[in-house]
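Novice: The following block contains the structure, expressed as structure tokens.
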Amino acid sequence: MLEKSFGLLFFLKKTDSNDGLKRKLYGRITVNGISKEFSTKRTWFKDRWDQGSNRASGNKEDAKSLNLFIDALVVKVYAVKKELITSGEDVTTENIFQVLFGSTNDRKMILEVFLEYNQKMRLLEDKDYAEGTIHRYETTLSHTKEYILWKYKKEDMELRKLDYDFVKDFDFWLKTQRKCNQNTTSKYIANFKTIVLHCVKLGWLKKDPFYGFKLKHKEVIKEYLAPSELDRLLSQKFSTERLGLVRDIFAFSCFTGMAYIDVFRLRKDQIYVGVDKLKWISYKRKKTDSLARIPILPPAMTLMNKYKNSTIEEVNSKVFPCISNQKMNAYLKEIADICRINKELTFHMARHTFATTVTLTNGIPLETVSRMLGHKSIKQTQHYAKIVDTKISNDMNILKKKYSKT
């Protein structure tokens, strides 16, 4: 709400001292007939004050100094008024005083709010949030801190100063200064938006600075192993037990669609006899806490049985003696070279291979694949169907070239 009337003046008030000419300098802000006074913490002489101009009279240095101080206060008050209008807040006497004189503890700061939000997430780890999700929010906070320092030269900013330009330039900074690609940038911006909407819901922000800003997502084709590559991987003999173990765990994921952390945590008591009287796996995905049930394909069963009688202590309860994901991906690069697979082999590629080469390409319905992958929405699975369409297109193009020669 814009004000109908606005006034700012300065005046002198009598002090408690014995000096009859000395007065305290006060200011008065009036908005729509509601006035509020404030002390400037300065004093001046009654006989050297021009009430008509609201300034000290004369050309002496002390008078000039006081007038410069008053001019600076005027600029500050009008800047606050403009800030309230820009942020969509009501221009009232109370709001102006809150911005001018409210302590920093009374005004919410962007990074303080973000840090508090992240700390609460950390307390809910493994209950409401996965460790990976918490880590991404902590990284986003770090980037936000760097951005504020880069753009505004400040350690933190008032929440009320968030606007569309902040969001737009943050997006630009992530791409140019941090060299993030479009999808990574959008993930960080989406995390920051969660914090902002949290503040809007709590009434700390009157207007959503993301209004009019669209998060962009670039479609990325997920890499997976083709049938010939998967066959080479399975038939390869390795000279070290270490590489054989990594291959087996990776291949198991190719035939179950399980993420690394879920294979790592897979216990023997999660194997059960399903409605078809055959062995199934039932587990809750670490990432989403959604339930997944998977019939065990013969290659996956063979791999499980290979470690059934392992003497490694942890295999007494777990299906596989897993190593860290970081080491797993390092060894997979070695395996890719040995198997002549010209792709960046990562453990997550096994999940993509299950969705494409093992299931969708062999006619398993999208809905069934979605359930086995533990996706909460079939939309999460649909991009795999696009990959299969790409494969069909490539295969048909080869066929077209063959027929064009006849």
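Ligands are numbered from 1 in the order shown, residues from 1 within each chain, and chains are lettered A, B, ... in the order they appear in the structure tokens.
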Could you please write out, as a count of residues only, every residue of range 51-263 of chain A that DSSP assigns to strand (DSSP E or B)?
Specialist: 6
Novice: Need the shell around Lys306 in chain A: protein/DNA/RNA residues with any atom at most 12 Å away, counting only C-alpha atoms. Skip same-chain ones fewer than 2 positions apart. Format as a list of chain:residue names?
Specialist: A:Gly244, A:Leu245, A:Asp248, A:Ile249, A:Phe252, A:Pro299, A:Ala300, A:Met301, A:Thr302, A:Leu303, A:Met304, A:Lys308, A:Asn309, A:Ser310, A:Thr311, A:Val315, A:Val319, A:Phe320, A:Pro321
Novice: Please identify all polymer residues within 8 Å of range 35-41 of chain A, counting only C-alpha atoms, omitting same-chain residues fewer than 5 positions from it, and present them as a list in words.
Specialist: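 Here the qualifying residues turn out to be Lys24, Leu25, Tyr26, Gly27, Arg28, Ile29, Thr30 and Thr93 of chain A.
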Novice: Would you mind listing what lies within 9 Å of Phe250 in chain A as JSON, numbers by chain, with only C-alpha atoms counted and same-chain residues fewer than 5 positions away left out?
Specialist: {"A": [245, 260, 328, 332, 346, 347, 348, 349, 350]}
Novice: I need the residues from that last selection saved to file as a PDB file, in the first residue's frame (with N, CA, C and O atoms), if you can.
Specialist:
```
ATOM      1  N   LEU A 245      35.053 -58.828  -8.311  1.00  0.00           N
ATOM      2  CA  LEU A 245      34.011 -58.458  -7.357  1.00  0.00           C
ATOM      3  C   LEU A 245      33.267 -57.205  -7.828  1.00  0.00           C
ATOM      4  O   LEU A 245      32.032 -57.169  -7.817  1.00  0.00           O
ATOM      5  N   TYR A 260      23.719 -47.981  -6.077  1.00  0.00           N
ATOM      6  CA  TYR A 260      24.872 -48.486  -5.323  1.00  0.00           C
ATOM      7  C   TYR A 260      24.557 -48.637  -3.833  1.00  0.00           C
ATOM      8  O   TYR A 260      24.791 -49.691  -3.236  1.00  0.00           O
ATOM      9  N   MET A 328      34.621 -48.000  -6.152  1.00  0.00           N
ATOM     10  CA  MET A 328      33.886 -48.782  -7.142  1.00  0.00           C
ATOM     11  C   MET A 328      33.960 -48.118  -8.512  1.00  0.00           C
ATOM     12  O   MET A 328      34.270 -48.758  -9.525  1.00  0.00           O
ATOM     13  N   LEU A 332      35.747 -49.323 -11.980  1.00  0.00           N
ATOM     14  CA  LEU A 332      34.914 -49.482 -13.178  1.00  0.00           C
ATOM     15  C   LEU A 332      35.579 -48.863 -14.410  1.00  0.00           C
ATOM     16  O   LEU A 332      35.404 -49.357 -15.530  1.00  0.00           O
ATOM     17  N   THR A 346      30.198 -45.721 -14.876  1.00  0.00           N
ATOM     18  CA  THR A 346      29.942 -45.387 -13.474  1.00  0.00           C
ATOM     19  C   THR A 346      28.887 -46.349 -12.950  1.00  0.00           C
ATOM     20  O   THR A 346      28.134 -46.940 -13.733  1.00  0.00           O
ATOM     21  N   PHE A 347      28.821 -46.476 -11.644  1.00  0.00           N
ATOM     22  CA  PHE A 347      27.886 -47.455 -11.092  1.00  0.00           C
ATOM     23  C   PHE A 347      26.441 -47.124 -11.464  1.00  0.00           C
ATOM     24  O   PHE A 347      25.631 -48.023 -11.689  1.00  0.00           O
ATOM     25  N   HIS A 348      26.116 -45.848 -11.552  1.00  0.00           N
ATOM     26  CA  HIS A 348      24.721 -45.482 -11.844  1.00  0.00           C
ATOM     27  C   HIS A 348      24.319 -45.908 -13.257  1.00  0.00           C
ATOM     28  O   HIS A 348      23.130 -46.026 -13.547  1.00  0.00           O
ATOM     29  N   MET A 349      25.326 -46.139 -14.137  1.00  0.00           N
ATOM     30  CA  MET A 349      25.006 -46.600 -15.485  1.00  0.00           C
ATOM     31  C   MET A 349      24.337 -47.969 -15.454  1.00  0.00           C
ATOM     32  O   MET A 349      23.571 -48.331 -16.361  1.00  0.00           O
ATOM     33  N   ALA A 350      24.600 -48.742 -14.402  1.00  0.00           N
ATOM     34  CA  ALA A 350      23.977 -50.064 -14.277  1.00  0.00           C
ATOM     35  C   ALA A 350      22.458 -49.926 -14.155  1.00  0.00           C
ATOM     36  O   ALA A 350      21.702 -50.703 -14.749  1.00  0.00           O
TER      37      ALA A 350
END
```
Novice: Pick out the closest residue to Leu360 in chain A from this set: A:Asp337, A:Ile392, A:Tyr384, A:Phe45. Count only C-alpha atoms.
Specialist: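 Closest to Leu360 in chain A, using only C-alpha atoms: A:Tyr384.
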Novice: Using only C-alpha atoms, which residue out of A:Val220, A:Ile134, A:Ile110, A:Ile85 lies closest to Lys206 in chain A?
Specialist: A:Ile85
Novice: Interatomic distance between CA of Trp150 in chain A and CA of Arg122 in chain A?
Specialist: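 Computing it gives 27.5 Å between the two atoms.
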Novice: For Lys207 in chain A, find every residue with an atom within 10 Å (counting only C-alpha atoms), except residues of its own chain fewer than 5 positions away, and show them as number ranges by chain.
Specialist: A: 86-89, 160, 162-163, 196-197, 199-200
Novice: Hey, can you spit out that residue selection with N, CA, C and O atoms as an mmCIF file, in the first residue's frame?
Specialist:
```cif
data_model
loop_
_atom_site.group_PDB
_atom_site.id
_atom_site.type_symbol
_atom_site.label_atom_id
_atom_site.label_comp_id
_atom_site.auth_asym_id
_atom_site.auth_seq_id
_atom_site.Cartn_x
_atom_site.Cartn_y
_atom_site.Cartn_z
ATOM 1 N N THR A 86 9.578 -1.255 -3.374
ATOM 2 C CA THR A 86 10.145 -2.263 -4.279
ATOM 3 C C THR A 86 9.845 -3.682 -3.811
ATOM 4 O O THR A 86 9.541 -4.568 -4.613
ATOM 5 N N SER A 87 9.915 -3.893 -2.503
ATOM 6 C CA SER A 87 9.689 -5.235 -1.950
ATOM 7 C C SER A 87 8.209 -5.561 -1.767
ATOM 8 O O SER A 87 7.861 -6.657 -1.343
ATOM 9 N N GLY A 88 7.341 -4.610 -2.105
ATOM 10 C CA GLY A 88 5.900 -4.854 -2.019
ATOM 11 C C GLY A 88 5.322 -4.703 -0.629
ATOM 12 O O GLY A 88 4.187 -5.105 -0.376
ATOM 13 N N GLU A 89 6.082 -4.122 0.290
ATOM 14 C CA GLU A 89 5.586 -3.924 1.654
ATOM 15 C C GLU A 89 4.892 -2.567 1.787
ATOM 16 O O GLU A 89 5.137 -1.642 1.004
ATOM 17 N N ARG A 160 14.662 -9.320 3.252
ATOM 18 C CA ARG A 160 13.708 -8.416 2.617
ATOM 19 C C ARG A 160 14.248 -7.845 1.300
ATOM 20 O O ARG A 160 13.496 -7.335 0.484
ATOM 21 N N LEU A 162 15.720 -9.561 -1.045
ATOM 22 C CA LEU A 162 15.644 -10.530 -2.132
ATOM 23 C C LEU A 162 14.666 -10.054 -3.195
ATOM 24 O O LEU A 162 13.538 -9.679 -2.893
ATOM 25 N N ASP A 163 15.091 -10.085 -4.452
ATOM 26 C CA ASP A 163 14.203 -9.699 -5.541
ATOM 27 C C ASP A 163 14.517 -10.526 -6.784
ATOM 28 O O ASP A 163 15.394 -11.394 -6.776
ATOM 29 N N VAL A 196 13.434 -19.931 -0.072
ATOM 30 C CA VAL A 196 12.673 -18.688 -0.284
ATOM 31 C C VAL A 196 11.184 -18.909 -0.040
ATOM 32 O O VAL A 196 10.528 -18.117 0.656
ATOM 33 N N LEU A 197 10.633 -19.981 -0.588
ATOM 34 C CA LEU A 197 9.201 -20.264 -0.402
ATOM 35 C C LEU A 197 8.887 -20.566 1.062
ATOM 36 O O LEU A 197 7.796 -20.255 1.554
ATOM 37 N N CYS A 199 10.324 -19.065 3.512
ATOM 38 C CA CYS A 199 10.254 -17.726 4.125
ATOM 39 C C CYS A 199 8.946 -17.018 3.768
ATOM 40 O O CYS A 199 8.383 -16.301 4.595
ATOM 41 N N VAL A 200 8.473 -17.224 2.552
ATOM 42 C CA VAL A 200 7.202 -16.620 2.124
ATOM 43 C C VAL A 200 6.055 -17.185 2.959
ATOM 44 O O VAL A 200 5.185 -16.451 3.442
#
```
Novice: Where in range 172-337 of chain A does DSSP assign alpha helix (DSSP H), given as a PyMOL selection string?
Specialist: chain A and resi 172-176+182-201+227-235+241-254+260-265+298-306+325-337
Novice: What's around range 96-99 of chain A at 8 Å? Count only C-alpha atoms, leave out sequence neighbours fewer than 2 positions away in its own chain, and write the answer as a PyMOL selection string.
Specialist: chain A and resi 77+80-81+84+91-94+101-102
Novice: When distances are computed from only C-alpha atoms, which of A:Thr176, A:Thr256, A:Asn54, A:Asn95 shows the smallest separation from His352 in chain A?
Specialist: A:Thr256
Novice: Excluding range 223-227 of chain A and its own-chain neighbours fewer than 5 positions away, which residues fall within 12 Å of it when counting only C-alpha atoms? Please give them as a PyMOL selection string.
Specialist: chain A and resi 232-234+250-251+254-255+257+336+339-359+361-362+383-384+387-388+390-391
Novice: I'd like the interatomic distance between CA of Gln270 in chain A and CA of Met121 in chain A, to a tenth of an Å.
Specialist: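 Taking CA of Gln270 in chain A and CA of Met121 in chain A, their separation equals 28.5 Å.
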Novice: Measure the distance from CA of Pro365 in chain A to CA of Ile296 in chain A in Å and round it to one decimal.
Specialist: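 Result for CA of Pro365 in chain A versus CA of Ile296 in chain A: 17.1 Å, one decimal.
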